[in-house]
>>> print(open('run.txt').read())   # compact mmCIF, C-alpha atoms and all ligand atoms
# COMPACT_ATOMS: atom_id res chain seq x y z
CA MET A 1155 0.00 0.00 0.00
CA GLU A 1156 1.47 3.33 -1.07
CA LYS A 1157 1.23 6.43 1.14
CA VAL A 1158 1.09 9.82 -0.57
CA ASP A 1159 0.39 13.43 0.32
CA VAL A 1160 -1.87 14.08 -2.67
CA CYS A 1161 -4.06 11.73 -4.66
CA ILE A 1162 -5.85 13.10 -7.71
CA ILE A 1163 -8.78 11.20 -9.17
CA GLY A 1164 -9.62 12.05 -12.78
CA SER A 1165 -7.77 13.23 -15.85
CA GLY A 1166 -9.44 16.05 -17.72
CA PRO A 1167 -8.15 19.65 -17.69
CA ALA A 1168 -9.05 19.96 -13.98
CA GLY A 1169 -7.16 16.84 -12.88
CA TYR A 1170 -4.10 17.50 -15.02
CA THR A 1171 -3.89 21.14 -13.92
CA ALA A 1172 -4.12 20.04 -10.28
CA ALA A 1173 -1.31 17.55 -11.03
CA ILE A 1174 0.90 20.20 -12.69
CA TYR A 1175 0.52 22.59 -9.75
CA THR A 1176 0.96 20.01 -6.96
CA GLY A 1177 3.85 18.48 -8.90
CA ARG A 1178 5.59 21.83 -9.19
CA ALA A 1179 5.01 22.34 -5.46
CA ASN A 1180 7.04 19.15 -4.98
CA LEU A 1181 4.12 17.25 -3.46
CA LYS A 1182 4.72 14.19 -5.69
CA PRO A 1183 1.06 13.67 -6.62
CA LEU A 1184 -0.31 10.29 -7.52
CA GLN A 1185 -3.07 10.51 -10.12
CA PHE A 1186 -5.61 7.86 -11.08
CA ILE A 1187 -6.19 8.86 -14.69
CA GLY A 1188 -8.58 6.02 -15.49
CA GLU A 1189 -8.60 3.51 -18.32
CA ASN A 1190 -10.05 5.99 -20.82
CA PHE A 1191 -8.12 9.00 -19.67
CA GLY A 1192 -8.53 12.56 -20.91
CA GLY A 1193 -12.19 13.26 -20.19
CA GLN A 1194 -14.68 15.00 -22.44
CA LEU A 1195 -12.05 16.88 -24.46
CA THR A 1196 -11.02 13.63 -26.09
CA THR A 1197 -14.45 13.36 -27.70
CA THR A 1198 -14.40 16.79 -29.26
CA THR A 1199 -12.62 17.75 -32.46
CA GLU A 1200 -11.13 21.21 -32.82
CA VAL A 1201 -10.85 23.36 -29.68
CA GLU A 1202 -10.79 27.00 -30.73
CA ASN A 1203 -11.46 28.76 -27.44
CA PHE A 1204 -8.62 27.55 -25.21
CA PRO A 1205 -6.24 30.51 -24.77
CA GLY A 1206 -2.78 30.08 -26.24
CA PHE A 1207 -3.83 28.28 -29.42
CA PRO A 1208 -4.85 30.99 -31.91
CA ASP A 1209 -5.20 28.44 -34.73
CA GLY A 1210 -7.16 25.98 -32.58
CA ILE A 1211 -5.99 22.60 -31.35
CA ASP A 1212 -7.37 19.07 -31.54
CA GLY A 1213 -9.13 18.24 -28.23
CA TYR A 1214 -7.22 14.99 -27.80
CA GLU A 1215 -3.89 16.71 -28.43
CA LEU A 1216 -4.69 19.48 -25.96
CA VAL A 1217 -5.41 17.09 -23.14
CA ASP A 1218 -2.43 14.90 -24.09
CA ARG A 1219 -0.16 17.95 -23.77
CA MET A 1220 -1.59 18.58 -20.31
CA LYS A 1221 -0.82 14.96 -19.41
CA ASN A 1222 2.77 15.31 -20.61
CA GLN A 1223 3.17 18.49 -18.61
CA ALA A 1224 1.84 16.81 -15.46
CA GLU A 1225 4.24 13.88 -15.97
CA LYS A 1226 7.12 16.27 -16.48
CA TRP A 1227 6.50 17.67 -13.01
CA GLY A 1228 6.67 14.27 -11.39
CA THR A 1229 3.07 13.07 -11.29
CA LYS A 1230 2.81 9.32 -10.93
CA MET A 1231 -0.05 8.15 -13.12
CA ILE A 1232 -2.14 5.02 -12.72
CA GLU A 1233 -4.14 4.05 -15.81
CA GLU A 1234 -6.96 2.43 -13.85
CA ASP A 1235 -10.42 3.50 -12.70
CA VAL A 1236 -10.94 4.06 -9.00
CA ILE A 1237 -13.44 1.50 -7.74
CA TYR A 1238 -13.56 2.25 -4.02
CA VAL A 1239 -12.83 5.16 -1.70
CA LYS A 1240 -13.10 5.55 2.05
CA PHE A 1241 -12.57 9.11 3.17
CA GLU A 1242 -11.04 9.44 6.62
CA LYS A 1243 -9.33 12.67 7.69
CA ASN A 1244 -5.68 12.67 6.49
CA ASN A 1245 -5.94 8.90 5.90
CA ASN A 1246 -8.06 8.54 2.80
CA LEU A 1247 -8.15 5.12 1.19
CA ILE A 1248 -8.38 4.97 -2.63
CA LYS A 1249 -8.45 1.71 -4.55
CA SER A 1250 -8.34 0.70 -8.19
CA LYS A 1251 -8.13 -2.86 -9.52
CA ASN A 1252 -4.41 -3.28 -8.79
CA LYS A 1253 -3.48 -0.31 -6.63
CA THR A 1254 -4.33 0.83 -3.11
CA VAL A 1255 -3.28 4.23 -1.85
CA ILE A 1256 -3.53 6.07 1.46
CA ALA A 1257 -3.55 9.81 0.88
CA LYS A 1258 -3.47 12.78 3.23
CA THR A 1259 -5.44 14.81 0.69
CA VAL A 1260 -7.65 13.98 -2.28
CA ILE A 1261 -8.51 16.10 -5.30
CA ILE A 1262 -11.61 14.83 -7.10
CA ALA A 1263 -11.70 15.73 -10.79
CA THR A 1264 -13.81 12.95 -12.27
CA GLY A 1265 -15.86 15.27 -14.49
CA ALA A 1266 -19.28 14.75 -15.98
CA GLN A 1267 -20.63 13.06 -19.03
CA ALA A 1268 -23.06 14.67 -21.43
CA LYS A 1269 -26.16 12.54 -21.75
CA LYS A 1270 -26.79 11.25 -25.25
CA LEU A 1271 -29.78 9.76 -27.01
CA GLU A 1272 -29.88 6.70 -29.21
CA PHE A 1273 -31.97 6.57 -32.37
CA GLU A 1274 -31.51 5.35 -35.93
CA ASN A 1275 -27.97 6.24 -37.13
CA SER A 1276 -27.12 8.22 -33.97
CA ASN A 1277 -23.83 6.34 -33.62
CA LYS A 1278 -22.97 6.67 -37.31
CA PHE A 1279 -23.12 10.47 -37.14
CA TRP A 1280 -21.63 10.92 -33.65
CA MET A 1281 -18.99 13.63 -34.03
CA LYS A 1282 -19.82 13.76 -37.74
CA GLY A 1283 -22.77 16.06 -37.39
CA ILE A 1284 -23.96 15.05 -33.92
CA SER A 1285 -22.36 16.58 -30.83
CA ALA A 1286 -23.21 17.10 -27.18
CA CYS A 1287 -21.52 20.49 -26.87
CA ALA A 1288 -22.51 23.41 -29.07
CA VAL A 1289 -20.05 25.76 -27.40
CA CYS A 1290 -17.20 23.33 -28.21
CA ASP A 1291 -18.20 22.31 -31.72
CA GLY A 1292 -20.86 24.71 -32.98
CA ALA A 1293 -18.52 27.13 -34.72
CA LEU A 1294 -16.95 24.45 -36.93
CA PRO A 1295 -17.22 25.15 -40.68
CA MET A 1296 -19.57 22.16 -41.21
CA PHE A 1297 -22.25 23.87 -39.12
CA ARG A 1298 -21.89 27.42 -40.44
CA ASN A 1299 -24.80 28.86 -42.44
CA ASN A 1300 -26.68 25.57 -42.20
CA PRO A 1301 -29.87 24.56 -40.39
CA LEU A 1302 -29.19 22.90 -37.03
CA ILE A 1303 -31.14 21.08 -34.33
CA VAL A 1304 -30.85 21.24 -30.54
CA ILE A 1305 -32.62 18.64 -28.40
CA GLY A 1306 -33.75 19.69 -24.91
CA GLY A 1307 -35.83 22.29 -23.13
CA GLY A 1308 -33.56 23.30 -20.24
CA ASP A 1309 -31.12 26.17 -19.76
CA SER A 1310 -28.40 24.31 -21.67
CA ALA A 1311 -30.65 23.90 -24.69
CA MET A 1312 -31.57 27.60 -24.63
CA GLU A 1313 -27.95 28.60 -24.25
CA GLU A 1314 -26.82 26.29 -27.04
CA ALA A 1315 -29.60 27.38 -29.42
CA THR A 1316 -28.76 31.05 -28.80
CA PHE A 1317 -25.06 30.37 -29.32
CA LEU A 1318 -25.70 28.37 -32.52
CA SER A 1319 -27.92 31.10 -33.94
CA LYS A 1320 -24.73 33.12 -34.48
CA PHE A 1321 -23.48 30.52 -36.97
CA GLY A 1322 -26.41 28.47 -38.24
CA SER A 1323 -28.97 29.64 -40.77
CA LYS A 1324 -31.90 28.29 -38.71
CA ILE A 1325 -32.05 26.54 -35.35
CA TYR A 1326 -34.80 24.07 -34.41
CA VAL A 1327 -35.19 23.21 -30.73
CA ILE A 1328 -36.90 19.85 -30.22
CA VAL A 1329 -38.66 19.58 -26.85
CA ARG A 1330 -40.32 16.37 -25.71
CA LYS A 1331 -42.97 18.05 -23.54
CA ASN A 1332 -45.28 20.98 -24.23
CA TYR A 1333 -43.27 23.41 -22.12
CA LEU A 1334 -39.70 24.55 -21.53
CA ARG A 1335 -37.95 23.76 -18.30
CA ALA A 1336 -35.45 26.59 -18.80
CA SER A 1337 -35.40 29.76 -16.68
CA LYS A 1338 -37.58 32.64 -17.86
CA ILE A 1339 -34.66 34.83 -18.90
CA MET A 1340 -33.10 32.11 -21.05
CA GLN A 1341 -36.48 31.29 -22.61
CA ASP A 1342 -37.09 34.94 -23.44
CA ARG A 1343 -33.78 35.17 -25.24
CA VAL A 1344 -34.74 32.21 -27.43
CA LEU A 1345 -38.32 33.30 -28.02
CA LYS A 1346 -37.11 36.72 -29.21
CA ASN A 1347 -34.60 35.20 -31.64
CA ASP A 1348 -36.02 35.06 -35.18
CA LYS A 1349 -33.64 32.32 -36.23
CA ILE A 1350 -34.86 29.88 -33.56
CA GLU A 1351 -38.02 27.76 -33.87
CA ILE A 1352 -39.20 25.56 -31.00
CA ILE A 1353 -40.97 22.31 -31.84
CA PHE A 1354 -42.80 21.01 -28.75
CA ASN A 1355 -44.15 17.53 -27.98
CA SER A 1356 -41.64 15.84 -30.27
CA ASN A 1357 -38.68 13.47 -30.25
CA VAL A 1358 -35.96 12.76 -32.80
CA ILE A 1359 -36.25 9.19 -34.09
CA GLY A 1360 -33.57 9.04 -36.78
CA CYS A 1361 -30.95 10.92 -38.76
CA TYR A 1362 -29.79 10.39 -42.32
CA GLY A 1363 -27.27 11.40 -44.94
CA GLU A 1364 -24.60 9.89 -47.19
CA GLU A 1365 -21.36 10.88 -45.52
CA LYS A 1366 -22.66 13.97 -43.81
CA LEU A 1367 -25.81 14.37 -41.80
CA ASN A 1368 -28.47 16.20 -43.83
CA LYS A 1369 -31.87 15.06 -42.58
CA VAL A 1370 -33.45 14.37 -39.19
CA LYS A 1371 -36.75 12.61 -38.62
CA ILE A 1372 -38.93 13.70 -35.69
CA LYS A 1373 -42.09 12.16 -34.29
CA SER A 1374 -44.68 14.17 -32.41
CA ASN A 1375 -46.41 12.76 -29.34
CA ASP A 1376 -49.53 12.39 -31.57
CA GLY A 1377 -47.58 10.11 -33.90
CA GLU A 1378 -47.05 12.61 -36.70
CA ILE A 1379 -43.72 12.13 -38.49
CA LYS A 1380 -41.80 15.01 -40.05
CA ASN A 1381 -38.41 15.33 -41.75
CA ILE A 1382 -36.21 18.35 -41.10
CA LEU A 1383 -33.31 19.17 -43.40
CA CYS A 1384 -30.36 19.98 -41.18
CA ASN A 1385 -26.60 19.50 -40.98
CA GLY A 1386 -26.00 19.38 -37.27
CA LEU A 1387 -27.71 18.01 -34.17
CA PHE A 1388 -26.75 18.88 -30.59
CA PHE A 1389 -27.84 17.02 -27.47
CA ALA A 1390 -28.58 19.40 -24.59
CA ILE A 1391 -30.45 17.02 -22.33
CA GLY A 1392 -28.28 17.34 -19.25
CA HIS A 1393 -25.05 15.94 -17.85
CA LYS A 1394 -24.29 13.19 -15.40
CA PRO A 1395 -21.54 14.02 -12.90
CA MET A 1396 -19.25 11.07 -12.21
CA THR A 1397 -19.88 10.80 -8.48
CA ASP A 1398 -21.31 7.31 -7.98
CA ILE A 1399 -18.33 6.06 -5.95
CA PHE A 1400 -18.36 9.09 -3.64
CA LYS A 1401 -22.08 9.52 -3.12
CA ASP A 1402 -22.47 8.03 0.35
CA GLN A 1403 -19.52 9.90 1.79
CA ILE A 1404 -19.54 13.40 0.40
CA ILE A 1405 -22.35 15.93 0.12
CA LEU A 1406 -23.85 16.14 -3.38
CA ASP A 1407 -26.61 18.37 -4.72
CA ASP A 1408 -29.91 17.05 -6.10
CA ASN A 1409 -28.32 16.46 -9.51
CA GLY A 1410 -25.38 14.50 -8.09
CA TYR A 1411 -22.76 17.29 -8.34
CA ILE A 1412 -20.28 17.65 -5.47
CA ILE A 1413 -21.08 20.70 -3.37
CA VAL A 1414 -18.06 22.93 -2.79
CA GLU A 1415 -17.75 26.12 -0.75
CA LYS A 1416 -18.65 29.21 -2.72
CA GLY A 1417 -15.65 30.54 -4.62
CA ASN A 1418 -13.30 27.66 -3.77
CA THR A 1419 -12.92 23.88 -4.04
CA LYS A 1420 -13.43 22.70 -0.44
CA THR A 1421 -15.95 19.90 0.01
CA ASN A 1422 -17.63 19.07 3.32
CA LEU A 1423 -14.66 16.78 4.16
CA ASP A 1424 -11.36 18.15 5.47
CA GLY A 1425 -8.55 17.62 2.96
CA VAL A 1426 -10.88 16.57 0.13
CA PHE A 1427 -11.23 19.05 -2.71
CA ALA A 1428 -13.27 18.92 -5.92
CA CYS A 1429 -12.63 20.72 -9.19
CA GLY A 1430 -13.83 20.76 -12.79
CA ASP A 1431 -17.18 19.58 -14.09
CA VAL A 1432 -17.83 17.22 -11.18
CA GLN A 1433 -18.68 20.34 -9.12
CA ASP A 1434 -19.72 22.73 -11.91
CA LYS A 1435 -23.00 22.41 -13.74
CA LYS A 1436 -22.97 25.93 -15.05
CA TRP A 1437 -19.78 26.85 -16.94
CA ARG A 1438 -18.40 23.41 -17.94
CA GLN A 1439 -15.54 24.69 -20.12
CA ALA A 1440 -12.02 23.29 -20.40
CA ILE A 1441 -10.58 26.60 -19.25
CA THR A 1442 -12.88 26.90 -16.21
CA ALA A 1443 -12.12 23.29 -15.29
CA ALA A 1444 -8.38 23.98 -15.57
CA GLY A 1445 -8.80 27.13 -13.44
CA SER A 1446 -10.58 25.24 -10.68
CA GLY A 1447 -7.91 22.48 -10.86
CA CYS A 1448 -5.34 25.16 -10.08
CA MET A 1449 -7.45 26.38 -7.15
CA ALA A 1450 -7.78 22.83 -5.77
CA ALA A 1451 -4.00 22.33 -5.98
CA LEU A 1452 -3.25 25.60 -4.16
CA GLN A 1453 -5.83 24.82 -1.47
CA THR A 1454 -4.36 21.33 -1.06
CA GLU A 1455 -0.87 22.77 -0.67
CA ASN A 1456 -2.15 25.21 1.91
CA TYR A 1457 -3.97 22.42 3.80
CA LEU A 1458 -0.82 20.26 3.94
CA ASP A 1459 1.28 23.24 5.10
CA ASN A 1460 -1.03 23.63 8.06
CA LEU A 1461 -1.10 19.99 9.16
P1 LIG B 1 -31.87 20.04 -17.43
O1 LIG B 1 -31.95 18.76 -16.71
O2 LIG B 1 -32.31 21.29 -16.74
O3 LIG B 1 -32.75 19.96 -18.77
C1 LIG B 1 -32.66 18.86 -19.60
C2 LIG B 1 -33.65 19.01 -20.73
O4 LIG B 1 -33.49 17.89 -21.59
C3 LIG B 1 -35.10 19.02 -20.27
O5 LIG B 1 -35.87 19.84 -21.10
C4 LIG B 1 -35.51 17.56 -20.44
O6 LIG B 1 -36.87 17.38 -20.72
C5 LIG B 1 -34.72 17.19 -21.69
N1 LIG B 1 -34.49 15.76 -21.76
C6 LIG B 1 -33.95 14.96 -20.81
N2 LIG B 1 -33.90 13.69 -21.24
C7 LIG B 1 -34.45 13.70 -22.50
C8 LIG B 1 -34.70 12.70 -23.45
N3 LIG B 1 -34.40 11.42 -23.21
N4 LIG B 1 -35.27 13.07 -24.63
C9 LIG B 1 -35.59 14.36 -24.88
N5 LIG B 1 -35.38 15.35 -24.01
C10 LIG B 1 -34.82 15.03 -22.83
O7 LIG B 1 -30.35 20.12 -17.96
P2 LIG B 1 -29.50 21.39 -18.40
O8 LIG B 1 -28.21 20.85 -18.87
O9 LIG B 1 -30.26 22.24 -19.31
O10 LIG B 1 -29.26 22.18 -17.04
C11 LIG B 1 -28.67 21.55 -15.91
C12 LIG B 1 -28.50 22.58 -14.80
O11 LIG B 1 -27.52 23.55 -15.19
C13 LIG B 1 -29.78 23.36 -14.52
O12 LIG B 1 -29.84 23.60 -13.13
C14 LIG B 1 -29.57 24.65 -15.27
O13 LIG B 1 -30.30 25.74 -14.71
C15 LIG B 1 -28.06 24.85 -15.15
N6 LIG B 1 -27.55 25.63 -16.29
C16 LIG B 1 -27.43 26.97 -16.15
C17 LIG B 1 -26.97 27.75 -17.19
C18 LIG B 1 -26.84 29.21 -17.01
O14 LIG B 1 -27.33 29.73 -16.03
N7 LIG B 1 -26.19 29.92 -17.91
C19 LIG B 1 -26.59 27.18 -18.48
C20 LIG B 1 -26.77 25.75 -18.54
C21 LIG B 1 -27.24 25.03 -17.47
P3 LIG B 1 -37.97 17.41 -19.54
O15 LIG B 1 -38.16 18.84 -19.15
O16 LIG B 1 -39.15 16.82 -20.24
O17 LIG B 1 -37.45 16.55 -18.44
>>> encode(input="run.txt", output="structure tokens")
Amino acid sequence: MEKVDVCIIGSGPAGYTAAIYTGRANLKPLQFIGENFGGQLTTTTEVENFPGFPDGIDGYELVDRMKNQAEKWGTKMIEEDVIYVKFEKNNNLIKSKNKTVIAKTVIIATGAQAKKLEFENSNKFWMKGISACAVCDGALPMFRNNPLIVIGGGDSAMEEATFLSKFGSKIYVIVRKNYLRASKIMQDRVLKNDKIEIIFNSNVIGCYGEEKLNKVKIKSNDGEIKNILCNGLFFAIGHKPMTDIFKDQIILDDNGYIIVEKGNTKTNLDGVFACGDVQDKKWRQAITAAGSGCMAALQTENYLDNL
């Protein structure tokens, strides 16, 4: 059993940034990066809004560079998923399949997963016309000046439709019920936007095209079927924070996100910090995740200094 000062769980921008900072502080972090490391950035294509890359950068490459930087500063990485944790002040137990660690502090950066829907050809067009992040992918040339679809009736859907209306020629929002769940202010923004049309009481049942997506089939709750010509489809039906293994030990909100103190990364447990999308349902950007990873690392360093 290995004893460490800092154990980081997760490997997106938040986890790697926390590793870079704690590594540079000479805390010799151990990081469980998981079997499929890299987080949500690995499923996006071009990242054009991360500062420092004026020509954009492939999402996978960006997160791989962060990994290299964390390794350079001495982070020990375990390519396994954490399957069990037992938080006990300054003696936290973290286990993967082949590794058990006792850590004085833990930084949780397990992220969240965008929920997706399955319908005819949804896998075929995933990342080739279908995406779960308009802010990440919406400005790509394939979507510009073309009709696009957003699925969902919450704040994310309103935000994504508004964002896409800057690029797309027409935005259809497909809502399964006869009302929007989004806040009034976000709804108003959409309702005032001439480019956006909301289609209530409907679900997408298939998407079609030769190589590129160009048609989506929707079915109303009355059974009426309609085809919409469009070149992009964005899921905005919510995210699932990756907190299942922590849920009985740490305080989560109603949606399963870890609750942290306002303006910092402290959880309800001493020496356990959370950063990135696992504690952020609002901003969810690579740069905000990286920023909170930095905060978690500095708070961890400060906690250890005061032990
Ligand atoms: P929500 O859970 O609020 O909304 C999800 C939407 O997707 C709902 O309209 C839901 O429909 C729909 N949906 C869910 N499953 C399906 C399905 N299988 N088929 C079709 N539609 C489906 O998620 P959001 O991501 O929008 O928001 C999450 C949280 O983040 C909220 O608290 C929100 O306020 C916050 N947020 C805030 C923002 C801001 O302030 N700028 C921006 C984005 C999010 P139904 O209503 O029928 O369940």
>>> residues_around(input="run.txt", residues="range 1263-1268 of chain A", least_positions_apart="4", cutoff="8 Å", atoms="all atoms listed in the file", output="list in words")
Ile1162, Ile1163, Gly1164, Ser1165, Gly1166, Ala1168, Gly1169, Gly1193, Gln1194, Ala1286, Ala1390, Ile1391, Gly1392, His1393, Lys1394, Pro1395, Met1396, Thr1397, Ala1428, Cys1429, Gly1430, Asp1431, Val1432, Gln1433 and Gly1447 of chain A
>>> closest_residue(input="run.txt", among="A:Leu1461, A:Ile1413, A:Leu1294, A:Met1449", to="Lys1320 in chain A", atoms="all atoms listed in the file")
A:Leu1294
>>> residues_around(input="run.txt", residues="Thr1421 in chain A", least_positions_apart="3", cutoff="10 Å", atoms="all atoms listed in the file", output="MDAnalysis selection string")
chainID A and resid 1261:1262 1404:1406 1412:1415 1418 1424:1429 1433
>>> residues_around(input="run.txt", residues="Asn1368 in chain A", least_positions_apart="6", cutoff="9 Å", atoms="only C-alpha atoms", output="list in words")
Gly1283, Cys1361, Tyr1362, Ile1382, Leu1383, Cys1384, Asn1385 and Gly1386 of chain A
>>> residues_around(input="run.txt", residues="Ile1379 in chain A", least_positions_apart="5", cutoff="12 Å", atoms="all atoms listed in the file", output="PyMOL selection string")
chain A and resi 1355-1360+1370-1374
>>> closest_atom_pairs(input="run.txt", of="chain A", to="ligand LIG 1 (chain B)", cutoff="10 Å", atoms="only C-alpha atoms and all ligand atoms", output="CSV")
residue,atom,partner,partner_atom,distance
A:Ala1268,CA,B:LIG1,O8,8.4
A:Lys1269,CA,B:LIG1,N2,7.8
A:Lys1270,CA,B:LIG1,N3,7.9
A:Leu1271,CA,B:LIG1,N3,6.2
A:Glu1272,CA,B:LIG1,N3,8.9
A:Val1304,CA,B:LIG1,N5,9.9
A:Ile1305,CA,B:LIG1,N5,6.1
A:Gly1306,CA,B:LIG1,O4,3.8
A:Gly1307,CA,B:LIG1,O5,3.2
A:Gly1308,CA,B:LIG1,O9,3.6
A:Asp1309,CA,B:LIG1,O9,4.0
A:Ser1310,CA,B:LIG1,O9,3.6
A:Ala1311,CA,B:LIG1,O9,5.6
A:Met1312,CA,B:LIG1,O9,7.7
A:Glu1313,CA,B:LIG1,C19,6.1
A:Glu1314,CA,B:LIG1,C20,8.5
A:Ile1328,CA,B:LIG1,C9,7.8
A:Val1329,CA,B:LIG1,N5,6.1
A:Arg1330,CA,B:LIG1,C9,5.2
A:Lys1331,CA,B:LIG1,O16,5.2
A:Asn1332,CA,B:LIG1,O16,8.4
A:Tyr1333,CA,B:LIG1,O15,7.5
A:Leu1334,CA,B:LIG1,O5,6.1
A:Arg1335,CA,B:LIG1,O15,5.0
A:Ala1336,CA,B:LIG1,O2,6.5
A:Ser1337,CA,B:LIG1,O13,6.8
A:Ile1339,CA,B:LIG1,O14,9.4
A:Met1340,CA,B:LIG1,N7,7.9
A:Asn1355,CA,B:LIG1,O16,9.2
A:Ser1356,CA,B:LIG1,C9,8.2
A:Asn1357,CA,B:LIG1,C9,6.3
A:Val1358,CA,B:LIG1,C9,8.1
A:Phe1389,CA,B:LIG1,O4,8.2
A:Ala1390,CA,B:LIG1,O8,5.9
A:Ile1391,CA,B:LIG1,O4,3.2
A:Gly1392,CA,B:LIG1,O8,3.5
A:His1393,CA,B:LIG1,O8,5.9
A:Lys1394,CA,B:LIG1,O8,9.3
A:Asp1408,CA,B:LIG1,O12,9.6
A:Asn1409,CA,B:LIG1,C12,8.1
A:Asp1434,CA,B:LIG1,O11,8.5
A:Lys1435,CA,B:LIG1,O11,4.9
A:Lys1436,CA,B:LIG1,C16,4.7
A:Trp1437,CA,B:LIG1,C19,7.0
A:Arg1438,CA,B:LIG1,C20,8.7
>>> axis_aligned_box(input="run.txt", around="range 1393-1412 of chain A", padding_each_side="8 Å", output="AutoDock Vina command-line options")
--center_x -24.1 --center_y 12.2 --center_z -8.0 --size_x 27.6 --size_y 28.3 --size_z 35.6
>>> atom_distance(input="run.txt", atom1="CA of Asp1376 in chain A", atom2="CA of Ser1285 in chain A")
27.5 Å
>>> atom_distance(input="run.txt", atom1="CA of Met1231 in chain A", atom2="CA of Ile1174 in chain A")
12.1 Å
>>> residues_around(input="run.txt", residues="Leu1247 in chain A", least_positions_apart="6", cutoff="9 Å", atoms="only C-alpha atoms", output="short mmCIF file (atom, residue, chain, number, x, y, z; two decimals) with C-alpha atoms, in the coordinates of the input")
data_model
loop_
_atom_site.label_atom_id
_atom_site.label_comp_id
_atom_site.auth_asym_id
_atom_site.auth_seq_id
_atom_site.Cartn_x
_atom_site.Cartn_y
_atom_site.Cartn_z
CA TYR A 1238 -13.56 2.25 -4.02
CA VAL A 1239 -12.83 5.16 -1.70
CA LYS A 1240 -13.10 5.55 2.05
CA PHE A 1241 -12.57 9.11 3.17
CA THR A 1254 -4.33 0.83 -3.11
CA VAL A 1255 -3.28 4.23 -1.85
CA ILE A 1256 -3.53 6.07 1.46
CA ALA A 1257 -3.55 9.81 0.88
#
>>> closest_residue(input="run.txt", among="A:Glu1365, A:Tyr1457, A:Lys1338, A:Asp1398", to="Tyr1411 in chain A", atoms="all atoms listed in the file")
A:Asp1398
>>> atom_distance(input="run.txt", atom1="CA of Lys1278 in chain A", atom2="CA of Asn1203 in chain A")
26.8 Å
>>> closest_residue(input="run.txt", among="A:Gln1185, A:Thr1171, A:Asn1245, A:Thr1196", to="Lys1230 in chain A", atoms="all atoms listed in the file")
A:Gln1185
>>> closest_residue(input="run.txt", among="A:Gly1292, A:Ala1179, A:Leu1367, A:Asp1235", to="Trp1280 in chain A", atoms="all atoms listed in the file")
A:Leu1367
>>> closest_residue(input="run.txt", among="A:Phe1388, A:Trp1227, A:Phe1317, A:Phe1204", to="Ala1172 in chain A", atoms="only C-alpha atoms")
A:Trp1227
>>> closest_residue(input="run.txt", among="A:Gly1445, A:Pro1301, A:Pro1295, A:Gly1228", to="Leu1181 in chain A", atoms="only C-alpha atoms")
A:Gly1228
>>> residues_near_point(input="run.txt", point="(-20.5, 30.8, -36.6)", cutoff="6 Å", atoms="all atoms listed in the file", output="list of chain:residue names")
A:Ala1293, A:Arg1298, A:Lys1320, A:Phe1321
